[in-house]
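Participant: Got run_24.cif for you, mmCIF, C-alpha atoms:
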data_data
#
loop_
_atom_site.group_PDB
_atom_site.id
_atom_site.type_symbol
_atom_site.label_atom_id
_atom_site.label_comp_id
_atom_site.auth_asym_id
_atom_site.auth_seq_id
_atom_site.Cartn_x
_atom_site.Cartn_y
_atom_site.Cartn_z
ATOM 1 C CA MET A 1 0.000 0.000 0.000
ATOM 2 C CA LYS A 2 1.142 3.535 -0.758
ATOM 3 C CA LEU A 3 0.390 6.204 1.846
ATOM 4 C CA ILE A 4 0.793 9.966 1.398
ATOM 5 C CA LEU A 5 0.788 12.094 4.557
ATOM 6 C CA PHE A 6 0.454 15.804 3.861
ATOM 7 C CA PHE A 7 0.951 18.353 6.641
ATOM 8 C CA VAL A 8 -0.760 21.610 5.701
ATOM 9 C CA ARG A 9 -3.007 24.321 7.124
ATOM 10 C CA GLU A 10 -6.571 23.880 5.957
ATOM 11 C CA ASN A 11 -7.006 27.624 5.326
ATOM 12 C CA SER A 12 -4.401 27.485 2.531
ATOM 13 C CA TYR A 13 -5.265 28.231 -1.081
ATOM 14 C CA LEU A 14 -4.582 25.459 -3.578
ATOM 15 C CA CYS A 15 -2.440 26.095 -6.686
ATOM 16 C CA PRO A 16 -3.633 23.560 -9.306
ATOM 17 C CA SER A 17 -2.193 23.436 -12.817
ATOM 18 C CA SER A 18 -5.512 24.742 -14.129
ATOM 19 C CA GLY A 19 -4.932 28.010 -12.271
ATOM 20 C CA ASP A 20 -8.311 27.788 -10.516
ATOM 21 C CA SER A 21 -7.287 28.655 -6.980
ATOM 22 C CA GLN A 22 -9.579 27.367 -4.241
ATOM 23 C CA LEU A 23 -9.527 27.259 -0.454
ATOM 24 C CA LEU A 24 -8.390 23.826 0.724
ATOM 25 C CA SER A 25 -10.959 23.705 3.522
ATOM 26 C CA ASP A 26 -13.756 23.971 0.932
ATOM 27 C CA LYS A 27 -12.567 20.695 -0.630
ATOM 28 C CA LEU A 28 -12.466 18.921 2.731
ATOM 29 C CA THR A 29 -16.025 19.418 3.926
ATOM 30 C CA SER A 30 -17.065 15.870 2.987
ATOM 31 C CA PHE A 31 -14.066 14.322 4.754
ATOM 32 C CA PRO A 32 -14.589 14.476 8.545
ATOM 33 C CA GLN A 33 -11.607 15.168 10.749
ATOM 34 C CA GLN A 34 -10.808 12.379 13.202
ATOM 35 C CA ASN A 35 -8.032 12.700 15.771
ATOM 36 C CA GLY A 36 -6.313 15.441 13.769
ATOM 37 C CA TRP A 37 -6.442 13.622 10.410
ATOM 38 C CA ARG A 38 -8.618 13.675 7.309
ATOM 39 C CA ARG A 39 -8.597 10.560 5.135
ATOM 40 C CA LEU A 40 -9.232 11.551 1.516
ATOM 41 C CA LEU A 41 -8.341 8.298 -0.230
ATOM 42 C CA SER A 42 -8.353 4.732 1.079
ATOM 43 C CA GLY A 43 -7.332 1.360 -0.295
ATOM 44 C CA ASP A 44 -4.088 0.641 -2.155
ATOM 45 C CA GLN A 45 -3.481 4.389 -2.392
ATOM 46 C CA GLU A 46 -4.214 6.356 0.775
ATOM 47 C CA LEU A 47 -4.066 10.125 1.239
ATOM 48 C CA TRP A 48 -4.202 11.550 4.759
ATOM 49 C CA ILE A 49 -3.993 15.232 5.668
ATOM 50 C CA HIS A 50 -2.872 16.439 9.069
ATOM 51 C CA HIS A 51 -4.818 19.516 10.096
ATOM 52 C CA GLU A 52 -1.779 21.452 11.337
ATOM 53 C CA GLU A 53 1.786 22.062 10.170
ATOM 54 C CA SER A 54 3.142 20.475 13.329
ATOM 55 C CA ASN A 55 4.239 17.177 14.842
ATOM 56 C CA PRO A 56 1.088 15.149 15.598
ATOM 57 C CA SER A 57 0.266 14.307 19.196
ATOM 58 C CA GLU A 58 0.661 10.786 20.563
ATOM 59 C CA ASP A 59 -3.099 10.227 20.250
ATOM 60 C CA GLU A 60 -2.977 11.327 16.604
ATOM 61 C CA TRP A 61 -0.082 9.009 15.838
ATOM 62 C CA ASN A 62 -1.789 6.116 17.607
ATOM 63 C CA TYR A 63 -4.967 6.682 15.619
ATOM 64 C CA ILE A 64 -3.271 6.362 12.242
ATOM 65 C CA LYS A 65 -1.257 3.384 13.492
ATOM 66 C CA GLU A 66 -4.502 1.552 14.322
ATOM 67 C CA ILE A 67 -6.030 2.269 10.907
ATOM 68 C CA VAL A 68 -3.048 1.789 8.596
ATOM 69 C CA THR A 69 -1.580 -1.701 8.952
ATOM 70 C CA GLY A 70 0.602 -4.008 6.886
ATOM 71 C CA ASP A 71 3.425 -3.107 4.523
ATOM 72 C CA VAL A 72 3.428 0.593 3.711
ATOM 73 C CA GLU A 73 5.407 2.733 1.280
ATOM 74 C CA LEU A 74 5.187 6.137 2.945
ATOM 75 C CA TYR A 75 5.399 9.509 1.208
ATOM 76 C CA ALA A 76 5.370 12.513 3.548
ATOM 77 C CA ALA A 77 5.321 16.239 2.703
ATOM 78 C CA LEU A 78 6.108 18.817 5.408
ATOM 79 C CA HIS A 79 5.748 22.569 5.051
ATOM 80 C CA SER A 80 9.250 24.056 4.773
ATOM 81 C CA SER A 81 9.061 27.251 6.824
ATOM 82 C CA THR A 82 7.042 25.793 9.705
ATOM 83 C CA MET A 83 8.294 22.205 9.884
ATOM 84 C CA ALA A 84 11.911 22.073 8.661
ATOM 85 C CA SER A 85 13.182 21.960 12.252
ATOM 86 C CA LEU A 86 10.832 19.039 13.022
ATOM 87 C CA GLN A 87 12.156 16.727 10.297
ATOM 88 C CA LYS A 88 14.332 14.656 12.616
ATOM 89 C CA ASP A 89 11.597 14.145 15.227
ATOM 90 C CA ILE A 90 8.937 13.296 12.663
ATOM 91 C CA SER A 91 11.262 10.964 10.751
ATOM 92 C CA HIS A 92 11.963 9.124 14.006
ATOM 93 C CA LYS A 93 8.224 8.854 14.642
ATOM 94 C CA PHE A 94 7.646 7.520 11.144
ATOM 95 C CA SER A 95 10.131 4.711 11.818
ATOM 96 C CA GLN A 96 8.232 3.802 14.993
ATOM 97 C CA VAL A 97 4.715 3.972 13.589
ATOM 98 C CA PHE A 98 5.530 2.462 10.192
ATOM 99 C CA SER A 99 8.330 0.065 11.138
ATOM 100 C CA ASN A 100 10.026 -1.842 8.305
ATOM 101 C CA SER A 101 8.437 0.509 5.761
ATOM 102 C CA THR A 102 10.018 2.498 2.952
ATOM 103 C CA ILE A 103 9.851 6.194 3.829
ATOM 104 C CA HIS A 104 10.192 9.159 1.470
ATOM 105 C CA MET A 105 10.010 12.645 2.958
ATOM 106 C CA THR A 106 10.299 16.114 1.463
ATOM 107 C CA LEU A 107 9.553 19.758 2.263
ATOM 108 C CA PHE A 108 7.254 21.986 0.230
ATOM 109 C CA SER A 109 6.199 25.639 0.017
ATOM 110 C CA ARG A 110 2.680 26.895 -0.680
ATOM 111 C CA VAL A 111 3.676 28.772 -3.837
ATOM 112 C CA PRO A 112 2.593 28.186 -7.459
ATOM 113 C CA GLN A 113 5.991 27.068 -8.764
ATOM 114 C CA ASN A 114 6.501 24.392 -6.077
ATOM 115 C CA ASP A 115 5.901 21.097 -7.853
ATOM 116 C CA VAL A 116 4.856 19.184 -4.712
ATOM 117 C CA TRP A 117 2.279 21.819 -3.713
ATOM 118 C CA ARG A 118 0.969 21.972 -7.280
ATOM 119 C CA GLY A 119 0.783 18.168 -7.393
ATOM 120 C CA PHE A 120 -1.119 18.084 -4.103
ATOM 121 C CA SER A 121 -3.450 20.797 -5.402
ATOM 122 C CA ASP A 122 -4.152 18.849 -8.598
ATOM 123 C CA LEU A 123 -4.898 15.706 -6.591
ATOM 124 C CA THR A 124 -7.173 17.495 -4.126
ATOM 125 C CA MET A 125 -9.132 19.181 -6.908
ATOM 126 C CA LYS A 126 -9.770 15.757 -8.504
ATOM 127 C CA ILE A 127 -10.142 13.769 -5.282
ATOM 128 C CA ASP A 128 -13.637 12.571 -6.284
ATOM 129 C CA LYS A 129 -12.728 11.751 -9.906
ATOM 130 C CA GLY A 130 -11.886 8.057 -9.554
ATOM 131 C CA GLU A 131 -9.099 7.061 -11.949
ATOM 132 C CA GLN A 132 -8.060 10.681 -12.410
ATOM 133 C CA ALA A 133 -7.454 10.932 -8.668
ATOM 134 C CA ILE A 134 -5.354 7.762 -8.725
ATOM 135 C CA ARG A 135 -3.191 9.154 -11.546
ATOM 136 C CA GLU A 136 -2.704 12.409 -9.645
ATOM 137 C CA PHE A 137 -1.870 10.402 -6.521
ATOM 138 C CA GLU A 138 0.902 8.520 -8.351
ATOM 139 C CA SER A 139 2.213 11.776 -9.794
ATOM 140 C CA LEU A 140 2.381 13.369 -6.326
ATOM 141 C CA ALA A 141 4.098 10.302 -4.867
ATOM 142 C CA TYR A 142 6.684 10.556 -7.641
ATOM 143 C CA LEU A 143 7.289 14.234 -6.901
ATOM 144 C CA ILE A 144 7.752 13.622 -3.163
ATOM 145 C CA LYS A 145 10.208 10.809 -3.860
ATOM 146 C CA LYS A 146 12.078 12.723 -6.578
ATOM 147 C CA LYS A 147 13.485 15.487 -4.350
ATOM 148 C CA PRO A 148 15.353 17.525 -6.979
ATOM 149 C CA PHE A 149 18.951 18.199 -6.024
ATOM 150 C CA ALA A 150 18.643 21.984 -6.101
ATOM 151 C CA ARG A 151 15.646 21.870 -3.754
ATOM 152 C CA ARG A 152 17.537 19.644 -1.311
ATOM 153 C CA LEU A 153 20.430 22.130 -1.344
ATOM 154 C CA SER A 154 18.052 25.037 -0.720
ATOM 155 C CA ILE A 155 16.697 23.320 2.374
ATOM 156 C CA LEU A 156 20.198 22.556 3.680
ATOM 157 C CA LYS A 157 21.385 26.113 3.014
ATOM 158 C CA HIS A 158 18.415 27.442 4.963
ATOM 159 C CA ARG A 159 19.233 25.183 7.910
ATOM 160 C CA ILE A 160 22.921 26.186 7.895
ATOM 161 C CA ALA A 161 22.049 29.895 7.742
ATOM 162 C CA HIS A 162 19.588 29.402 10.610
ATOM 163 C CA LEU A 163 22.473 28.144 12.769
ATOM 164 C CA PHE A 164 24.759 31.127 12.207
ATOM 165 C CA LEU A 165 22.333 34.032 11.808
ATOM 166 C CA PRO A 166 21.770 34.566 15.577
ATOM 167 C CA ILE A 167 25.555 34.727 16.083
ATOM 168 C CA ASP A 168 25.891 37.261 13.268
ATOM 169 C CA VAL A 169 23.101 39.398 14.757
ATOM 170 C CA ASP A 170 24.680 39.351 18.229
ATOM 171 C CA LEU A 171 28.075 40.351 16.850
ATOM 172 C CA GLN A 172 26.520 43.227 14.904
ATOM 173 C CA GLY A 173 24.868 44.374 18.114
ATOM 174 C CA LEU A 174 28.171 44.213 19.982
ATOM 175 C CA ILE A 175 29.879 46.274 17.290
ATOM 176 C CA GLU A 176 27.134 48.914 17.334
ATOM 177 C CA THR A 177 27.475 49.277 21.136
ATOM 178 C CA ASP A 178 31.289 49.172 21.002
ATOM 179 C CA PHE A 179 31.186 45.934 22.991
ATOM 180 C CA LYS A 180 29.485 47.591 25.922
ATOM 181 C CA GLN A 181 29.957 45.389 29.006
ATOM 182 C CA GLU A 182 26.234 45.125 29.712
ATOM 183 C CA TYR A 183 25.525 43.900 26.178
ATOM 184 C CA TRP A 184 28.551 41.589 26.242
ATOM 185 C CA ASP A 185 27.249 39.937 29.413
ATOM 186 C CA LYS A 186 23.955 39.160 27.673
ATOM 187 C CA VAL A 187 25.763 37.656 24.697
ATOM 188 C CA VAL A 188 27.970 35.575 26.987
ATOM 189 C CA GLU A 189 24.869 34.212 28.705
ATOM 190 C CA ALA A 190 23.281 33.320 25.359
ATOM 191 C CA TRP A 191 26.347 31.452 24.061
ATOM 192 C CA LYS A 192 27.778 29.970 27.252
ATOM 193 C CA ASP A 193 28.964 26.355 27.431
ATOM 194 C CA GLY A 194 30.416 26.492 23.911
ATOM 195 C CA LYS A 195 27.087 26.855 22.126
ATOM 196 C CA ALA A 196 28.588 28.915 19.295
ATOM 197 C CA VAL A 197 31.165 26.205 18.600
ATOM 198 C CA GLN A 198 28.357 23.661 18.661
ATOM 199 C CA MET A 199 26.640 25.596 15.863
ATOM 200 C CA LEU A 200 29.805 25.230 13.797
ATOM 201 C CA GLU A 201 29.906 21.480 14.381
ATOM 202 C CA GLU A 202 26.216 21.136 13.527
ATOM 203 C CA ALA A 203 26.813 23.035 10.275
ATOM 204 C CA ARG A 204 29.626 20.614 9.424
ATOM 205 C CA ARG A 205 27.203 17.722 9.938
ATOM 206 C CA LEU A 206 24.845 19.335 7.431
ATOM 207 C CA VAL A 207 27.695 19.643 4.936
ATOM 208 C CA TYR A 208 29.594 16.377 5.480
ATOM 209 C CA GLY A 209 27.098 14.136 7.283
ATOM 210 C CA GLY A 210 27.052 12.486 10.678
ATOM 211 C CA GLU A 211 24.975 10.365 13.006
ATOM 212 C CA ASP A 212 21.209 10.757 12.464
ATOM 213 C CA VAL A 213 21.746 13.175 9.548
ATOM 214 C CA GLN A 214 19.538 11.973 6.695
ATOM 215 C CA ASP A 215 20.609 14.487 4.072
ATOM 216 C CA PHE A 216 23.691 16.673 3.732
ATOM 217 C CA VAL A 217 25.432 18.729 1.077
ATOM 218 C CA GLU A 218 28.123 16.202 0.172
ATOM 219 C CA LYS A 219 25.462 13.510 -0.266
ATOM 220 C CA VAL A 220 23.493 15.733 -2.648
ATOM 221 C CA VAL A 221 26.645 16.359 -4.691
ATOM 222 C CA ASN A 222 27.493 12.650 -4.777
ATOM 223 C CA ASP A 223 23.911 11.739 -5.713
ATOM 224 C CA ALA A 224 24.036 14.164 -8.620
ATOM 225 C CA LYS A 225 27.409 12.892 -9.804
ATOM 226 C CA GLY A 226 26.168 9.325 -9.456
ATOM 227 C CA ARG A 227 23.170 10.105 -11.658
ATOM 228 C CA SER A 228 25.431 11.451 -14.417
ATOM 229 C CA ALA A 229 29.148 11.989 -14.936
ATOM 230 C CA THR A 230 28.821 15.736 -14.493
ATOM 231 C CA ASP A 231 31.670 18.003 -13.414
ATOM 232 C CA LYS A 232 29.488 21.142 -13.427
ATOM 233 C CA VAL A 233 29.234 21.169 -9.639
ATOM 234 C CA ASP A 234 32.882 20.414 -8.816
ATOM 235 C CA ASP A 235 34.114 24.019 -8.608
ATOM 236 C CA PRO A 236 31.223 25.390 -6.510
ATOM 237 C CA TRP A 237 31.436 22.336 -4.241
ATOM 238 C CA ARG A 238 35.135 23.043 -3.663
ATOM 239 C CA GLU A 239 34.236 26.626 -2.743
ATOM 240 C CA VAL A 240 31.837 25.362 -0.075
ATOM 241 C CA GLN A 241 34.548 23.061 1.281
ATOM 242 C CA ASN A 242 37.047 25.925 1.302
ATOM 243 C CA HIS A 243 34.728 28.111 3.374
ATOM 244 C CA LEU A 244 33.541 25.352 5.706
ATOM 245 C CA PRO A 245 36.227 22.644 5.830
ATOM 246 C CA SER A 246 35.672 19.436 7.764
ATOM 247 C CA SER A 247 38.053 20.567 10.520
ATOM 248 C CA ASN A 248 39.295 23.823 12.030
ATOM 249 C CA ALA A 249 42.688 23.264 10.422
ATOM 250 C CA GLY A 250 41.471 24.859 7.187
ATOM 251 C CA LEU A 251 39.109 27.422 8.680
ATOM 252 C CA ASP A 252 39.883 31.134 9.148
ATOM 253 C CA THR A 253 41.485 31.356 12.601
ATOM 254 C CA ASN A 254 39.622 34.608 13.309
ATOM 255 C CA VAL A 255 36.304 32.804 12.887
ATOM 256 C CA VAL A 256 37.459 29.955 15.136
ATOM 257 C CA GLU A 257 38.569 32.387 17.857
ATOM 258 C CA ILE A 258 35.369 34.456 17.656
ATOM 259 C CA LEU A 259 33.164 31.396 18.036
ATOM 260 C CA GLY A 260 35.360 30.069 20.818
ATOM 261 C CA GLY A 261 35.330 33.434 22.605
ATOM 262 C CA LEU A 262 31.575 33.949 22.607
ATOM 263 C CA GLY A 263 30.230 32.650 25.871
ATOM 264 C CA CYS A 264 33.500 33.321 27.725
ATOM 265 C CA PRO A 265 33.282 36.366 30.041
ATOM 266 C CA ASP A 266 37.037 37.100 29.832
ATOM 267 C CA LYS A 267 37.241 37.042 25.992
ATOM 268 C CA ARG A 268 35.549 40.392 25.320
ATOM 269 C CA GLU A 269 38.677 42.273 24.188
ATOM 270 C CA GLU A 270 39.887 39.375 22.051
ATOM 271 C CA VAL A 271 36.573 39.076 20.212
ATOM 272 C CA LYS A 272 36.373 42.870 19.880
ATOM 273 C CA LYS A 273 39.749 42.979 18.093
ATOM 274 C CA LYS A 274 38.469 40.457 15.538
ATOM 275 C CA CYS A 275 35.461 42.665 14.808
ATOM 276 C CA GLN A 276 37.010 46.121 14.667
ATOM 277 C CA GLY A 277 35.814 48.567 12.029
ATOM 278 C CA LYS A 278 34.432 46.897 8.930
ATOM 279 C CA ALA A 279 36.631 43.865 9.401
ATOM 280 C CA ASN A 280 34.026 41.703 11.117
ATOM 281 C CA ALA A 281 35.703 38.416 10.289
ATOM 282 C CA PHE A 282 32.694 36.291 11.172
ATOM 283 C CA HIS A 283 30.247 38.338 9.081
ATOM 284 C CA GLN A 284 32.585 38.243 6.086
ATOM 285 C CA TRP A 285 32.995 34.482 6.430
ATOM 286 C CA PHE A 286 29.253 33.889 6.883
ATOM 287 C CA THR A 287 28.474 36.013 3.818
ATOM 288 C CA GLU A 288 31.010 34.133 1.691
ATOM 289 C CA LEU A 289 29.726 30.751 2.887
ATOM 290 C CA ASN A 290 26.172 31.721 1.928
ATOM 291 C CA LYS A 291 27.423 32.883 -1.452
ATOM 292 C CA ALA A 292 29.254 29.584 -2.034
ATOM 293 C CA LEU A 293 26.138 27.582 -1.132
ATOM 294 C CA ASP A 294 24.053 29.751 -3.470
ATOM 295 C CA GLN A 295 26.512 29.148 -6.321
ATOM 296 C CA LEU A 296 26.421 25.395 -5.698
ATOM 297 C CA ARG A 297 22.621 25.397 -5.675
ATOM 298 C CA ASP A 298 22.481 27.489 -8.872
ATOM 299 C CA ALA A 299 24.946 25.187 -10.619
ATOM 300 C CA MET A 300 22.851 22.193 -9.581
ATOM 301 C CA SER A 301 19.668 23.891 -10.773
ATOM 302 C CA LYS A 302 21.163 24.571 -14.218
ATOM 303 C CA TYR A 303 22.384 20.979 -14.382
ATOM 304 C CA GLU A 304 18.899 19.684 -13.582
ATOM 305 C CA GLU A 305 17.314 21.901 -16.232
ATOM 306 C CA VAL A 306 19.565 20.356 -18.857
ATOM 307 C CA LYS A 307 19.138 16.799 -17.575
ATOM 308 C CA SER A 308 15.421 16.971 -16.768
ATOM 309 C CA SER A 309 13.752 13.687 -17.689
ATOM 310 C CA ALA A 310 10.966 13.352 -20.221
ATOM 311 C CA ALA A 311 9.280 11.192 -17.593
ATOM 312 C CA ASP A 312 8.705 14.164 -15.324
ATOM 313 C CA PRO A 313 5.004 14.894 -14.792
ATOM 314 C CA PRO A 314 3.831 17.562 -17.267
ATOM 315 C CA GLY A 315 2.288 20.837 -16.268
ATOM 316 C CA PRO A 316 2.762 24.589 -16.500
ATOM 317 C CA GLN A 317 5.573 26.236 -14.618
ATOM 318 C CA PRO A 318 4.243 29.382 -12.890
ATOM 319 C CA THR A 319 6.816 31.994 -11.973
ATOM 320 C CA SER A 320 5.206 33.800 -9.017
ATOM 321 C CA SER A 321 6.954 33.355 -5.663
ATOM 322 C CA ALA A 322 3.911 34.503 -3.645
ATOM 323 C CA GLU A 323 1.506 32.081 -2.017
ATOM 324 C CA CYS A 324 -1.528 31.183 -4.115
ATOM 325 C CA PRO A 325 -4.037 34.037 -3.965
ATOM 326 C CA ALA A 326 -7.708 33.814 -3.161
ATOM 327 C CA PRO A 327 -9.841 33.497 -6.319
ATOM 328 C CA ALA A 328 -11.369 36.672 -7.657
ATOM 329 C CA ALA A 329 -14.847 37.401 -6.351
#
Kindly present the structure from the file in structure tokens form.

Facilitator:
Amino acid sequence: MKLILFFVRENSYLCPSSGDSQLLSDKLTSFPQQNGWRRLLSGDQELWIHHEESNPSEDEWNYIKEIVTGDVELYAALHSSTMASLQKDISHKFSQVFSNSTIHMTLFSRVPQNDVWRGFSDLTMKIDKGEQAIREFESLAYLIKKKPFARRLSILKHRIAHLFLPIDVDLQGLIETDFKQEYWDKVVEAWKDGKAVQMLEEARRLVYGGEDVQDFVEKVVNDAKGRSATDKVDDPWREVQNHLPSSNAGLDTNVVEILGGLGCPDKREEVKKKCQGKANAFHQWFTELNKALDQLRDAMSKYEEVKSSAADPPGPQPTSSAECPAPAA
């Protein structure tokens, strides 16, 4: 049995290929909500929608576990901006609830050009159309499993930036106050016990892999190179490695000392020297790392455009980056 679990707010507007935007909740009125879930399709192909973009409660997990039994091939779609940080917890729960099952998981955005959201919209709009619904189901399952390389890199870049952005903001604040002692004390409290260094190590796990890390930048690069003998991503991948090497031996010593100094009350003057004037070493490094990740993603995107398969599900490619609008009155 194939099972699609879609985590989405019910007040979202669908973005079908036809362009006929409609409120999702209007399509769900004939499917009663039970323990946080709506079951839109049942049988060999099952589609369940969770009513919130969040990790289900224990009661909600137990409910679906009682209903869905046997061998399952699971396809799960989580909203990117609200659920990216929950991927690890939800993946672990999947392995408990659907033990010995094949699991495919991806993130999506509620925008017209997102293929997973468009595929879900097409399926929902045809949910009562019999064979048409089954075809749309298979198309959506394919899209969730496909996980284009550029999209995987975008998600990883977002997670890496999320690690370092609070550090960058705190350093900018310190510079603006000339490392005022009162402000420094607050920063020390926020980053005590080596938390800034831990962010660096977590970023390395997202680039090079590690325990419990399902996807990472090097894996995406290797997957792409395994799919085709391309060298288009070699140079941008080296740039990422240069900016975030696998050990401190190749990393800018100023960055290492800044991260090591944050959280240490007696390191104020040392960190201040590394951030004097416009020479904020950490900000420069963070900016260059983001740029390198962007270049790698762009190179991968261009590679995928050239190598896109004729087997990909057809459909228009909208260009708007805004969420689907409400239909005109």

Participant: Report, in Å to a single decimal, how far apart CA of Asp59 in chain A and CA of Thr124 in chain A are.

Facilitator: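 Going from CA of Thr124 in chain A over to CA of Asp59 in chain A, I get 25.8 Å.
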
Participant: Near Asp231 in chain A, counting only C-alpha atoms, which residues have an atom at most 12 Å away, once you skip same-chain residues fewer than 5 positions from it, shown as number ranges by chain?

Facilitator: A: 221-222, 224-226, 236-238, 296, 299-300, 303

Participant: Go ahead and compute the interatomic distance for CA of Phe108 in chain A and CA of Gln241 in chain A, in Å to one decimal.

Facilitator: 27.3 Å

Participant: Taking the file as I've supplied it (selection: the PyMOL selection byres ((chain A and resi 260-265) around 6)), which residues are included? Please answer as a count of residues only.

Facilitator: 8

Participant: Got a sec to resolve the PyMOL selection byres ((chain A and resi 268-274) around 12) on this structure and send the residues as a CSV table (one decimal) with C-alpha atoms, in the frame of the given file?

Facilitator:
chain,number,residue,atom,x,y,z
A,171,LEU,CA,28.1,40.4,16.8
A,172,GLN,CA,26.5,43.2,14.9
A,173,GLY,CA,24.9,44.4,18.1
A,174,LEU,CA,28.2,44.2,20.0
A,175,ILE,CA,29.9,46.3,17.3
A,176,GLU,CA,27.1,48.9,17.3
A,177,THR,CA,27.5,49.3,21.1
A,178,ASP,CA,31.3,49.2,21.0
A,179,PHE,CA,31.2,45.9,23.0
A,180,LYS,CA,29.5,47.6,25.9
A,181,GLN,CA,30.0,45.4,29.0
A,182,GLU,CA,26.2,45.1,29.7
A,183,TYR,CA,25.5,43.9,26.2
A,184,TRP,CA,28.6,41.6,26.2
A,185,ASP,CA,27.2,39.9,29.4
A,186,LYS,CA,24.0,39.2,27.7
A,187,VAL,CA,25.8,37.7,24.7
A,188,VAL,CA,28.0,35.6,27.0
A,252,ASP,CA,39.9,31.1,9.1
A,253,THR,CA,41.5,31.4,12.6
A,254,ASN,CA,39.6,34.6,13.3
A,255,VAL,CA,36.3,32.8,12.9
A,256,VAL,CA,37.5,30.0,15.1
A,257,GLU,CA,38.6,32.4,17.9
A,258,ILE,CA,35.4,34.5,17.7
A,259,LEU,CA,33.2,31.4,18.0
A,260,GLY,CA,35.4,30.1,20.8
A,261,GLY,CA,35.3,33.4,22.6
A,262,LEU,CA,31.6,33.9,22.6
A,263,GLY,CA,30.2,32.6,25.9
A,264,CYS,CA,33.5,33.3,27.7
A,265,PRO,CA,33.3,36.4,30.0
A,266,ASP,CA,37.0,37.1,29.8
A,267,LYS,CA,37.2,37.0,26.0
A,275,CYS,CA,35.5,42.7,14.8
A,276,GLN,CA,37.0,46.1,14.7
A,277,GLY,CA,35.8,48.6,12.0
A,278,LYS,CA,34.4,46.9,8.9
A,279,ALA,CA,36.6,43.9,9.4
A,280,ASN,CA,34.0,41.7,11.1
A,281,ALA,CA,35.7,38.4,10.3
A,282,PHE,CA,32.7,36.3,11.2
A,283,HIS,CA,30.2,38.3,9.1
A,284,GLN,CA,32.6,38.2,6.1

Participant: Go through range 12-98 of chain A and flag each residue having an atom no more than 10 Å from range 141-161 of chain A; for those, report the closest pair of atoms plus their distance in Å to one decimal, using all atoms listed in the file, ordered by chain and rising number, as CSV.

Facilitator:
residue,atom,partner,partner_atom,distance
A:Gln45,CA,A:Ala141,CA,9.9
A:Glu73,CA,A:Ala141,CA,9.8
A:Leu74,CA,A:Ala141,CA,8.9
A:Tyr75,CA,A:Ala141,CA,6.3
A:Ala76,CA,A:Ile144,CA,7.2
A:Ala77,CA,A:Ile144,CA,6.9
A:Ser80,CA,A:Ile155,CA,7.9
A:Ser81,CA,A:His158,CA,9.5
A:Ala84,CA,A:Arg159,CA,8.0
A:Ser85,CA,A:Arg159,CA,8.1

Participant: Restrict the calculation to only C-alpha atoms, then for each residue of range 55-112 of chain A with any atom at most 9 Å from an atom of range 10-31 of chain A give the closest atom pair and their distance in Å to one decimal, rows by chain and rising residue number, as a Markdown table.

Facilitator:
| residue | atom | partner | partner_atom | distance |
| --- | --- | --- | --- | --- |
| A:Arg110 | CA | A:Ser12 | CA | 7.8 |
| A:Val111 | CA | A:Cys15 | CA | 7.3 |
| A:Pro112 | CA | A:Cys15 | CA | 5.5 |

Participant: Show which residues sit within 12 Å of Leu3 in chain A, as an MDAnalysis selection string. Count all atoms listed in the file, and ignore same-chain residues fewer than 3 positions away.

Facilitator: chainID A and resid 6 39:49 64 67:77 94 98 101:105 137:138 140:141 144

Participant: Got a sec to resolve the PyMOL selection byres ((chain A and resi 53-57) around 7) on this structure and send the residues as a compact mmCIF listing (two decimals) with C-alpha atoms, in the frame of the given file?

Facilitator:
# COMPACT_ATOMS: atom_id res chain seq x y z
CA PHE A 7 0.95 18.35 6.64
CA VAL A 8 -0.76 21.61 5.70
CA ARG A 9 -3.01 24.32 7.12
CA GLU A 52 -1.78 21.45 11.34
CA GLU A 58 0.66 10.79 20.56
CA ASP A 59 -3.10 10.23 20.25
CA GLU A 60 -2.98 11.33 16.60
CA TRP A 61 -0.08 9.01 15.84
CA HIS A 79 5.75 22.57 5.05
CA THR A 82 7.04 25.79 9.70
CA MET A 83 8.29 22.20 9.88
CA ILE A 90 8.94 13.30 12.66

Participant: In Å to one decimal, how far is CA of Gly119 in chain A from CA of Ser139 in chain A?

Facilitator: 7.0 Å

Participant: Nearest to Val97 in chain A: which of A:Asn62, A:Gln198, A:Gln295, A:Asn290 is it, counting all atoms listed in the file?

Facilitator: A:Asn62

Participant: Using all atoms listed in the file, which protein or nucleic acid residues come within 9 Å of Tyr63 in chain A? Drop anything in the same chain fewer than 6 positions from it, and give the result as a ChimeraX atom specification.

Facilitator: /A:34-35,37

Participant: In the coordinate frame of the file, compute which residues have an atom within 9 Å of (28.2, 22.0, 8.1) when using only C-alpha atoms, and state them as JSON, numbers by chain.

Facilitator: {"A": [160, 199, 200, 201, 202, 203, 204, 205, 206, 207, 208, 209, 216, 217, 244, 245, 246]}

Participant: Which residue gives the smallest distance to Ala196 in chain A among A:Val220, A:Glu66, A:Phe164, A:Asp122, with all atoms listed in the file counted?

Facilitator: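 So, comparing all the options, the nearest one is A:Phe164.
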